[in-house]
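Source file: data_7.cif. Holds: mmCIF, C-alpha atoms.
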data_entry
#
loop_
_atom_site.label_atom_id
_atom_site.label_comp_id
_atom_site.auth_asym_id
_atom_site.auth_seq_id
_atom_site.Cartn_x
_atom_site.Cartn_y
_atom_site.Cartn_z
CA MET A 1 -42.56 -93.22 67.56
CA ALA A 2 -39.75 -90.73 67.66
CA SER A 3 -39.18 -88.60 64.50
CA ARG A 4 -35.92 -88.97 62.42
CA TRP A 5 -35.70 -85.20 61.77
CA GLY A 6 -34.45 -82.69 64.42
CA ALA A 7 -36.02 -79.45 65.36
CA ALA A 8 -34.09 -77.51 62.67
CA GLY A 9 -35.48 -79.78 59.95
CA GLY A 10 -32.05 -81.33 59.20
CA PRO A 11 -31.40 -85.02 59.39
CA ARG A 12 -30.20 -86.52 62.57
CA ARG A 13 -26.55 -87.45 62.99
CA GLY A 14 -26.04 -90.67 61.18
CA GLY A 15 -29.33 -90.20 59.29
CA GLY A 16 -29.93 -89.23 55.57
CA PRO A 17 -27.45 -89.73 52.67
CA ARG A 18 -24.01 -89.23 54.14
CA GLY A 19 -25.25 -86.65 56.59
CA LEU A 20 -26.31 -84.06 53.80
CA THR A 21 -29.69 -82.47 53.75
CA ALA A 22 -31.87 -83.02 50.73
CA ALA A 23 -31.38 -79.44 49.57
CA ALA A 24 -27.60 -79.67 49.80
CA TRP A 25 -27.54 -82.91 47.82
CA ALA A 26 -29.65 -81.39 45.12
CA ALA A 27 -27.26 -78.48 44.90
CA VAL A 28 -24.27 -80.80 44.57
CA THR A 29 -26.03 -82.80 41.87
CA LEU A 30 -26.80 -79.68 39.85
CA LEU A 31 -23.19 -78.52 40.17
CA LEU A 32 -21.82 -81.85 38.87
CA LEU A 33 -24.28 -81.82 35.97
CA ALA A 34 -23.22 -78.29 35.02
CA VAL A 35 -19.57 -79.33 34.98
CA VAL A 36 -20.29 -82.30 32.69
CA LEU A 37 -22.36 -80.19 30.31
CA THR A 38 -19.70 -77.49 30.21
CA GLY A 39 -17.04 -80.04 29.26
CA CYS A 40 -19.18 -81.39 26.43
CA ALA A 41 -19.88 -77.92 25.16
CA ALA A 42 -16.20 -77.10 25.21
CA GLY A 43 -15.45 -80.22 23.18
CA ASP A 44 -18.11 -79.25 20.66
CA GLY A 45 -16.57 -75.78 20.36
CA VAL A 46 -13.18 -77.23 19.38
CA ARG A 47 -14.74 -79.31 16.67
CA ILE A 48 -16.66 -76.35 15.27
CA GLU A 49 -13.49 -74.27 14.95
CA GLU A 50 -11.67 -76.96 12.95
CA SER A 51 -11.00 -76.08 9.29
CA ALA A 52 -12.78 -77.88 6.52
CA SER A 53 -9.59 -79.63 5.50
CA ALA A 54 -9.07 -80.95 9.02
CA SER A 55 -12.62 -82.28 9.16
CA GLU A 56 -11.95 -84.20 5.94
CA GLY A 57 -8.84 -85.82 7.33
CA THR A 58 -6.37 -83.54 5.52
CA PRO A 59 -3.72 -81.81 7.64
CA ALA A 60 -4.55 -78.15 8.04
CA GLU A 61 -1.31 -76.86 6.57
CA ALA A 62 -0.58 -74.00 4.20
CA SER A 63 -0.58 -75.09 0.57
CA PRO A 64 2.93 -75.25 -0.93
CA LEU A 65 3.85 -72.55 -3.47
CA PRO A 66 3.60 -73.62 -7.09
CA ALA A 67 6.81 -74.62 -8.78
CA ALA A 68 8.70 -71.63 -10.04
CA THR A 69 8.04 -70.96 -13.74
CA PRO A 70 10.82 -69.79 -16.05
CA SER A 71 11.04 -66.09 -16.43
CA PRO A 72 9.79 -64.61 -19.73
CA ALA A 73 13.33 -63.74 -20.71
CA ARG A 74 14.50 -67.33 -20.27
CA GLU A 75 11.53 -68.69 -22.25
CA THR A 76 12.18 -66.24 -25.05
CA GLU A 77 15.82 -67.20 -25.23
CA ALA A 78 15.09 -70.93 -25.25
CA ASP A 79 12.22 -70.81 -27.73
CA ALA A 80 13.62 -68.22 -30.13
CA PRO A 81 14.47 -69.68 -33.57
CA GLU A 82 18.04 -69.70 -34.68
CA PRO A 83 19.00 -66.65 -36.73
CA PRO A 84 19.00 -67.34 -40.45
CA SER A 85 22.27 -67.78 -42.19
CA PRO A 86 23.57 -64.74 -44.10
CA GLY A 87 22.95 -66.43 -47.44
CA ALA A 88 19.29 -67.16 -46.62
CA THR A 89 18.24 -63.50 -46.63
CA ARG A 90 20.61 -61.96 -49.14
CA ASN A 91 19.27 -60.05 -52.12
CA THR A 92 15.62 -60.33 -51.08
CA ASP A 93 15.02 -56.89 -52.60
CA VAL A 94 16.05 -57.99 -56.10
CA PRO A 95 12.87 -58.30 -58.21
CA THR A 96 14.13 -61.30 -60.16
CA ALA A 97 15.15 -63.21 -57.04
CA GLY A 98 13.78 -62.93 -53.52
CA ALA A 99 11.07 -60.37 -54.17
CA PRO A 100 7.91 -61.73 -55.84
CA VAL A 101 6.70 -60.23 -59.12
CA SER A 102 3.11 -59.62 -60.16
CA PRO A 103 2.22 -60.34 -63.79
CA PRO A 104 -0.82 -58.29 -64.86
CA GLY A 105 -4.04 -60.24 -64.32
CA ALA A 106 -2.36 -62.98 -62.29
CA SER A 107 -4.11 -64.54 -59.30
CA GLY A 108 -1.06 -63.89 -57.12
CA ASP A 109 2.61 -63.07 -57.00
CA VAL A 110 5.33 -65.38 -58.29
CA GLU A 111 8.94 -65.76 -57.19
CA ILE A 112 11.00 -66.44 -60.29
CA VAL A 113 14.02 -68.20 -58.76
CA SER A 114 11.81 -70.62 -56.84
CA LEU A 115 9.79 -71.22 -60.00
CA LEU A 116 12.91 -72.07 -62.00
CA ARG A 117 14.37 -74.33 -59.32
CA ALA A 118 11.16 -76.36 -59.09
CA ASP A 119 10.72 -76.65 -62.87
CA ARG A 120 11.69 -80.04 -64.36
CA ALA A 121 12.09 -78.40 -67.75
CA VAL A 122 15.04 -76.39 -66.42
CA SER A 123 18.26 -78.39 -66.68
CA PRO A 124 20.49 -79.06 -63.63
CA ALA A 125 23.26 -77.02 -65.26
CA VAL A 126 21.05 -73.93 -65.45
CA LYS A 127 19.77 -74.47 -61.90
CA ARG A 128 23.33 -74.56 -60.59
CA GLY A 129 23.83 -71.06 -61.94
CA LEU A 130 20.81 -69.60 -60.15
CA GLU A 131 22.90 -67.60 -57.72
CA PRO A 132 23.82 -63.91 -57.59
CA CYS A 133 26.81 -63.06 -59.75
CA GLU A 134 27.74 -60.25 -57.35
CA ALA A 135 26.21 -58.69 -54.26
CA GLU A 136 22.80 -57.95 -55.78
CA GLU A 137 23.18 -59.00 -59.42
CA TRP A 138 21.19 -62.06 -60.41
CA PRO A 139 21.74 -63.51 -63.91
CA ILE A 140 18.00 -63.30 -64.61
CA THR A 141 15.80 -60.94 -66.60
CA PHE A 142 12.05 -61.19 -67.12
CA SER A 143 9.17 -59.56 -68.95
CA PHE A 144 5.39 -59.95 -69.27
CA GLY A 145 3.33 -60.28 -72.42
CA GLU A 146 0.08 -61.58 -73.89
CA LEU A 147 1.20 -64.66 -75.79
CA THR A 148 -1.11 -67.58 -74.96
CA GLY A 149 -4.48 -65.92 -74.39
CA GLY A 150 -4.59 -66.93 -70.75
CA PRO A 151 -6.29 -65.03 -67.93
CA ALA A 152 -2.98 -63.36 -67.02
CA GLU A 153 -0.08 -62.04 -69.04
CA ASP A 154 2.57 -64.68 -69.61
CA LEU A 155 5.96 -64.58 -67.90
CA VAL A 156 9.08 -64.68 -70.10
CA VAL A 157 12.30 -65.47 -68.23
CA ASN A 158 15.89 -65.35 -69.50
CA VAL A 159 18.85 -66.81 -67.59
CA SER A 160 22.43 -65.95 -68.46
CA ALA A 161 25.89 -67.04 -67.30
CA CYS A 162 27.71 -64.90 -64.77
CA ALA A 163 31.05 -65.46 -66.49
CA ASP A 164 30.27 -63.84 -69.85
CA GLY A 165 26.63 -62.73 -69.71
CA LYS A 166 25.63 -65.10 -72.52
CA GLY A 167 22.17 -66.63 -72.40
CA VAL A 168 21.86 -70.20 -71.12
CA GLY A 169 18.08 -70.61 -71.02
CA SER A 170 14.82 -68.94 -72.04
CA TYR A 171 11.41 -69.98 -70.67
CA VAL A 172 7.77 -68.99 -70.95
CA TYR A 173 5.30 -69.62 -68.11
CA ARG A 174 1.53 -69.52 -68.40
CA GLU A 175 -0.85 -69.34 -65.44
CA GLU A 176 -3.31 -72.23 -65.34
CA ALA A 177 -5.61 -72.85 -62.36
CA LYS A 178 -3.48 -70.53 -60.20
CA ARG A 179 -0.30 -72.43 -61.11
CA TRP A 180 2.53 -71.30 -63.38
CA VAL A 181 3.14 -73.91 -66.08
CA ASN A 182 6.17 -74.05 -68.36
CA VAL A 183 4.96 -73.88 -71.99
CA PHE A 184 8.29 -73.11 -73.70
CA ALA A 185 11.95 -73.85 -72.97
CA ASP A 186 15.09 -73.26 -75.03
CA GLU A 187 18.55 -73.85 -73.56
CA GLU A 188 20.70 -73.34 -76.62
CA PRO A 189 23.85 -71.34 -75.81
CA THR A 190 23.44 -67.54 -76.18
CA VAL A 191 19.62 -67.81 -76.34
CA PHE A 192 17.43 -64.80 -75.50
CA ALA A 193 13.61 -64.55 -75.74
CA GLU A 194 11.33 -61.51 -75.93
CA VAL A 195 7.72 -60.56 -76.64
CA THR A 196 7.23 -58.69 -79.91
CA GLU A 197 3.75 -57.70 -81.16
CA GLY A 198 2.05 -60.66 -79.51
CA THR A 199 4.61 -63.19 -80.71
CA LEU A 200 7.54 -64.90 -78.98
CA ARG A 201 10.81 -64.01 -80.66
CA VAL A 202 13.87 -66.08 -79.76
CA HIS A 203 17.38 -64.87 -80.62
CA THR A 204 20.38 -67.20 -80.77
CA GLN A 205 23.86 -65.95 -81.60
CA ILE A 206 25.78 -67.99 -84.16
CA TYR A 207 29.51 -68.56 -83.77
CA LEU A 208 31.77 -69.91 -86.47
CA ASP A 209 34.82 -71.91 -85.52
CA THR A 210 37.05 -68.85 -85.94
CA ASP A 211 34.82 -66.42 -84.02
CA PRO A 212 36.10 -65.09 -80.68
CA THR A 213 33.74 -65.11 -77.72
CA CYS A 214 33.14 -61.40 -78.03
CA CYS A 215 32.15 -61.42 -81.64
CA PRO A 216 29.68 -63.92 -83.15
CA SER A 217 29.16 -63.98 -86.89
CA GLY A 218 25.43 -63.38 -86.64
CA GLU A 219 22.20 -64.44 -84.99
CA ASP A 220 19.30 -66.73 -85.70
CA VAL A 221 15.84 -65.26 -84.96
CA ALA A 222 12.84 -67.59 -84.64
CA THR A 223 9.29 -66.30 -84.24
CA TYR A 224 6.66 -68.41 -82.44
CA VAL A 225 2.90 -68.05 -82.14
CA TRP A 226 0.48 -69.82 -79.78
CA ARG A 227 -1.63 -72.47 -81.54
CA ASP A 228 -3.55 -75.46 -80.17
CA ASP A 229 -2.18 -75.14 -76.62
CA GLY A 230 1.43 -74.85 -77.75
CA PHE A 231 3.93 -72.65 -79.53
CA ALA A 232 4.42 -73.19 -83.25
CA GLU A 233 7.28 -71.74 -85.24
CA GLN A 234 6.02 -69.11 -87.65
CA ASP A 235 9.22 -67.75 -89.12
CA ARG A 236 13.01 -68.06 -88.86
CA THR A 237 15.62 -65.70 -90.22
CA TYR A 238 19.35 -65.32 -90.04
CA GLN A 239 21.05 -61.98 -89.66
CA GLU A 240 24.77 -61.68 -90.25
CA TYR A 241 26.64 -59.19 -88.13
CA PRO A 242 28.95 -56.68 -89.83
CA THR A 243 32.62 -57.64 -89.71
CA ALA A 244 34.85 -55.10 -88.01
CA THR A 245 37.95 -53.88 -89.85
CA GLN A 246 41.27 -53.06 -88.29
CA GLU A 247 40.10 -49.46 -87.85
CA GLY A 248 37.11 -50.71 -85.88
CA ARG A 249 34.55 -49.97 -88.61
CA PRO A 250 32.37 -52.56 -90.36
CA ASP A 251 33.35 -53.57 -93.83
CA GLY A 252 31.90 -51.40 -96.54
CA GLU A 253 31.81 -48.20 -94.49
CA GLY A 254 34.08 -45.37 -95.50
#
Can you turn what I pasted into structure tokens?
Amino acid sequence: MASRWGAAGGPRRGGGPRGLTAAAWAAVTLLLLAVVLTGCAAGDGVRIEESASASEGTPAEASPLPAATPSPARETEADAPEPPSPGATRNTDVPTAGAPVSPPGASGDVEIVSLLRADRAVSPAVKRGLEPCEAEEWPITFSFGELTGGPAEDLVVNVSACADGKGVGSYVYREEAKRWVNVFADEEPTVFAEVTEGTLRVHTQIYLDTDPTCCPSGEDVATYVWRDDGFAEQDRTYQEYPTATQEGRPDGEG
């Protein structure tokens, strides 16, 4: 039986798969396989180079810049409190007004004007006069003294009228449980209180119907002592002022 292969070992014309030798077909097969594998590898390389955001389904875009924040100067201008009115800061260096005072032994400072304005024992008429008479002149004087036996010296406050300087109210405050409590109030016209040898002495000028404003006839002096959590009157005297003559000297003087 005749052989299908020629002398050179190749397939006869019309024999074998499409006229290719077995070795050639193997080479073609390997070449096609290499091309397929290369394409797959290339596809894998693209996927590896994708960003994490792209792999999660988020577009790989640059993040937008944060919204612009106001500059510090603009924030300061918008948030800055309104400047106080001129009257709110006036006379803060006056001891009887804006500046606190420190009674000896007290638990803290006390601002007298605020104390008077918040005190129910002070009449509305007196409170209306709690303003400076002039630029830095308040119609208020004060002193300290040991009157009630408290832990701190007591505060004695006198308020006068700006118009004539006459007293309109005298008050004594005692510190109790870190609070200043009103323990004495006298709002008789021309009143003035002071501490004398551990007692409270209250002076009140006496005017007769014919007395001019400048010249009262005399003064009433009442002395109070602290007893049973309150002031009790100990003594009261009247002192008549000398009467001026036409020459300007009191009667009886040569």
Axis-aligned box for range 213-219 of chain A, 5 Å per side, centre and edges in Å as JSON:
{"center_x": 28.0, "center_y": -63.3, "center_z": -82.3, "size_x": 21.5, "size_y": 13.7, "size_z": 19.2}
If you apply the PyMOL selection byres ((chain A and resi 225) around 12) to this file, what residues do you get, as a PyMOL selection string?
chain A and resi 146-149+183-184+195-202+222-224+226-235
Near-range 114-124 of chain A list (12 Å; all atoms listed in the file; drop same-chain fewer than 6 positions) as an NGL selection string
:A and (96-101 or 130-131 or 140 or 155-159 or 168-174 or 179-188)
Check which residues satisfy the PyMOL selection byres ((chain A and resi 206) around 10) in the file shown, then give them as number ranges by chain.
A: 189-191, 203-205, 207-209, 211, 215-220, 238-241
Could you please determine the separation between CA of Gly167 in chain A and CA of Arg236 in chain A in Å, to one decimal place?
18.9 Å
Can you measure CA of Ala161 in chain A to CA of Glu134 in chain A for me? One decimal in Å is fine.
12.2 Å
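Coordinates place CA of Pro139 in chain A at a distance of 9.9 Å from CA of Ala163 in chain A.
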